[in-house]
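**Student:** Here you go, one structure.
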Amino acid sequence: DVILHAIIDALLGAASLGNIGQCFPASDPSYKGISSLILLKKTKDLFDQHRYSIVNIDSVVILEEPRLENYWQKMQSAISKIIDVPNDKISLKAKTTELMGFTGRKEGIAAMATTLISEG
């Protein structure tokens, strides 16, 4: 979920379409409990409406555990299918903070994403 939110925000920001909270406000009951995969699809639909294409995505999740290497391929395939971008253009990885900060204390996780888009 946190990776998808970072990806959605990176996409929306790159296209100057706002952010996840503006496009899909938590105050709107229709978004309560909604799957982040659906939000990603809605973001792709916005891109199509505004004639943007996604070239690639790079995302990193910051956490101590759980280990995610057994999930990357499944996550990458799910994202690829929704946004219609080849698997090899979607990079997902994890980093630890070597036990420092809130992620190191296992109080939460964080994610960041960057993306390259094109117009037209």
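In the structure tokens, each chain is lettered A, B, ... as it comes, each chain's residues begin at 1, and ligands are numbered from 1 in order of appearance.
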Please identify which residues in chain A DSSP calls strand (DSSP E) from the backbone, and express them as JSON, numbers by chain.
**Tutor:** {"A": [52, 53, 54, 55, 56, 57, 58, 59, 60, 61, 62, 90, 91, 92, 93, 94, 95, 110, 111, 112, 113, 114, 115, 116, 117, 118, 119]}
**Student:** Could you turn the residues from that selection into a file that holds N, CA, C and O atoms, as a short mmCIF file (atom, residue, chain, number, x, y, z; two decimals), in the first residue's frame?
**Tutor:**
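Resulting contents of result.cif:
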data_model
loop_
_atom_site.label_atom_id
_atom_site.label_comp_id
_atom_site.auth_asym_id
_atom_site.auth_seq_id
_atom_site.Cartn_x
_atom_site.Cartn_y
_atom_site.Cartn_z
N TYR A 52 -0.90 11.83 -21.02
CA TYR A 52 0.43 11.55 -20.50
C TYR A 52 0.69 10.06 -20.61
O TYR A 52 -0.23 9.25 -20.47
N SER A 53 1.95 9.72 -20.81
CA SER A 53 2.37 8.32 -20.82
C SER A 53 3.40 8.12 -19.73
O SER A 53 4.22 9.00 -19.48
N ILE A 54 3.37 6.96 -19.13
CA ILE A 54 4.35 6.60 -18.10
C ILE A 54 5.50 5.88 -18.79
O ILE A 54 5.29 4.87 -19.46
N VAL A 55 6.70 6.42 -18.64
CA VAL A 55 7.89 5.81 -19.25
C VAL A 55 8.49 4.79 -18.30
O VAL A 55 8.77 3.66 -18.68
N ASN A 56 8.72 5.20 -17.05
CA ASN A 56 9.23 4.26 -16.05
C ASN A 56 8.93 4.74 -14.64
O ASN A 56 8.54 5.89 -14.44
N ILE A 57 9.11 3.84 -13.70
CA ILE A 57 8.88 4.13 -12.28
C ILE A 57 10.01 3.48 -11.50
O ILE A 57 10.42 2.35 -11.76
N ASP A 58 10.50 4.22 -10.51
CA ASP A 58 11.49 3.69 -9.57
C ASP A 58 10.97 3.96 -8.18
O ASP A 58 10.63 5.10 -7.86
N SER A 59 10.85 2.95 -7.36
CA SER A 59 10.32 3.11 -6.02
C SER A 59 11.15 2.33 -5.01
O SER A 59 11.65 1.24 -5.30
N VAL A 60 11.29 2.91 -3.83
CA VAL A 60 11.99 2.25 -2.74
C VAL A 60 11.11 2.33 -1.50
O VAL A 60 10.52 3.36 -1.21
N VAL A 61 10.99 1.21 -0.81
CA VAL A 61 10.28 1.17 0.46
C VAL A 61 11.34 1.05 1.55
O VAL A 61 12.34 0.35 1.39
N ILE A 62 11.14 1.79 2.63
CA ILE A 62 12.11 1.85 3.71
C ILE A 62 11.50 1.18 4.93
O ILE A 62 10.51 1.67 5.49
N ILE A 90 9.64 -0.93 -14.41
CA ILE A 90 9.17 -0.70 -13.04
C ILE A 90 10.20 -1.30 -12.09
O ILE A 90 10.42 -2.50 -12.07
N SER A 91 10.82 -0.43 -11.33
CA SER A 91 11.85 -0.85 -10.37
C SER A 91 11.31 -0.72 -8.95
O SER A 91 10.86 0.36 -8.55
N LEU A 92 11.33 -1.81 -8.21
CA LEU A 92 10.90 -1.82 -6.82
C LEU A 92 12.03 -2.37 -5.97
O LEU A 92 12.64 -3.38 -6.33
N LYS A 93 12.31 -1.71 -4.88
CA LYS A 93 13.38 -2.19 -4.00
C LYS A 93 13.10 -1.77 -2.57
O LYS A 93 12.26 -0.92 -2.32
N ALA A 94 13.85 -2.37 -1.66
CA ALA A 94 13.71 -2.06 -0.24
C ALA A 94 15.06 -1.69 0.34
O ALA A 94 16.09 -2.18 -0.10
N LYS A 95 15.01 -0.82 1.32
CA LYS A 95 16.20 -0.41 2.06
C LYS A 95 15.85 -0.41 3.54
O LYS A 95 14.70 -0.20 3.92
N ALA A 110 8.15 3.60 5.22
CA ALA A 110 8.07 4.76 4.34
C ALA A 110 8.39 4.30 2.93
O ALA A 110 8.98 3.24 2.73
N ALA A 111 8.00 5.10 1.96
CA ALA A 111 8.31 4.78 0.57
C ALA A 111 8.49 6.08 -0.21
O ALA A 111 7.89 7.10 0.12
N MET A 112 9.32 5.99 -1.23
CA MET A 112 9.55 7.11 -2.14
C MET A 112 9.49 6.56 -3.56
O MET A 112 9.81 5.40 -3.79
N ALA A 113 9.11 7.41 -4.48
CA ALA A 113 9.07 6.98 -5.88
C ALA A 113 9.40 8.16 -6.78
O ALA A 113 9.11 9.31 -6.45
N THR A 114 10.02 7.84 -7.89
CA THR A 114 10.23 8.81 -8.95
C THR A 114 9.72 8.18 -10.23
O THR A 114 9.66 6.95 -10.36
N THR A 115 9.37 9.04 -11.17
CA THR A 115 8.83 8.52 -12.42
C THR A 115 9.23 9.44 -13.57
O THR A 115 9.45 10.63 -13.37
N LEU A 116 9.32 8.87 -14.72
CA LEU A 116 9.52 9.63 -15.95
C LEU A 116 8.25 9.47 -16.77
O LEU A 116 7.76 8.35 -16.97
N ILE A 117 7.71 10.60 -17.21
CA ILE A 117 6.50 10.57 -18.02
C ILE A 117 6.76 11.34 -19.31
O ILE A 117 7.73 12.09 -19.41
N SER A 118 5.88 11.13 -20.27
CA SER A 118 5.96 11.91 -21.51
C SER A 118 4.57 12.41 -21.85
O SER A 118 3.57 11.83 -21.43
N GLU A 119 4.54 13.47 -22.62
CA GLU A 119 3.28 14.07 -23.04
C GLU A 119 2.97 13.65 -24.46
O GLU A 119 3.86 13.54 -25.29
#
**Student:** Within chain A, find each residue whose DSSP state, derived from the backbone, is alpha helix (DSSP H), and express the selection as a PyMOL selection string.
**Tutor:** chain A and resi 2-14+20-23+36-49+72-83+101-104
**Student:** Of the candidates A:Leu11, A:Lys74, A:Glu69, A:Glu64, which shows the shortest atom-to-atom distance to A:Thr43, using only C-alpha atoms?
**Tutor:** A:Leu11
**Student:** Expressed in Å to a single decimal, how great is the separation between atom CA of A:Asp28 and atom CA of A:Asp48?
**Tutor:**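 Separation between atom CA of A:Asp28 and atom CA of A:Asp48: 23.1 Å.
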**Student:** Restricting the calculation to only C-alpha atoms, which member of A:Leu40, A:Leu46, A:Leu63, A:Cys23 is positioned closest to A:Ile109?
**Tutor:**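 Result for the nearest residue to A:Ile109: A:Leu63.
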**Student:** To one decimal place, how far is atom CA of A:Asn87 from atom CA of A:Ala14 in Å?
**Tutor:**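 Distance between the two atoms: 20.2 Å.
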**Student:** Quick one: residues within 10 Å of A:Lys41, only C-alpha atoms counted, chain neighbours fewer than 6 positions away excluded, as a list in words?
**Tutor:**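 Final neighbour list, sorted by chain and number: Ile8, Phe47, Ile79, Lys81, Ile82, Ile83 and Asp84 of chain A.
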**Student:** Would you compute the distance between atom CA of A:His50 and atom CA of A:Gly13? Give it in Å to one decimal.
**Tutor:**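 Going from atom CA of A:His50 over to atom CA of A:Gly13, I get 13.3 Å.
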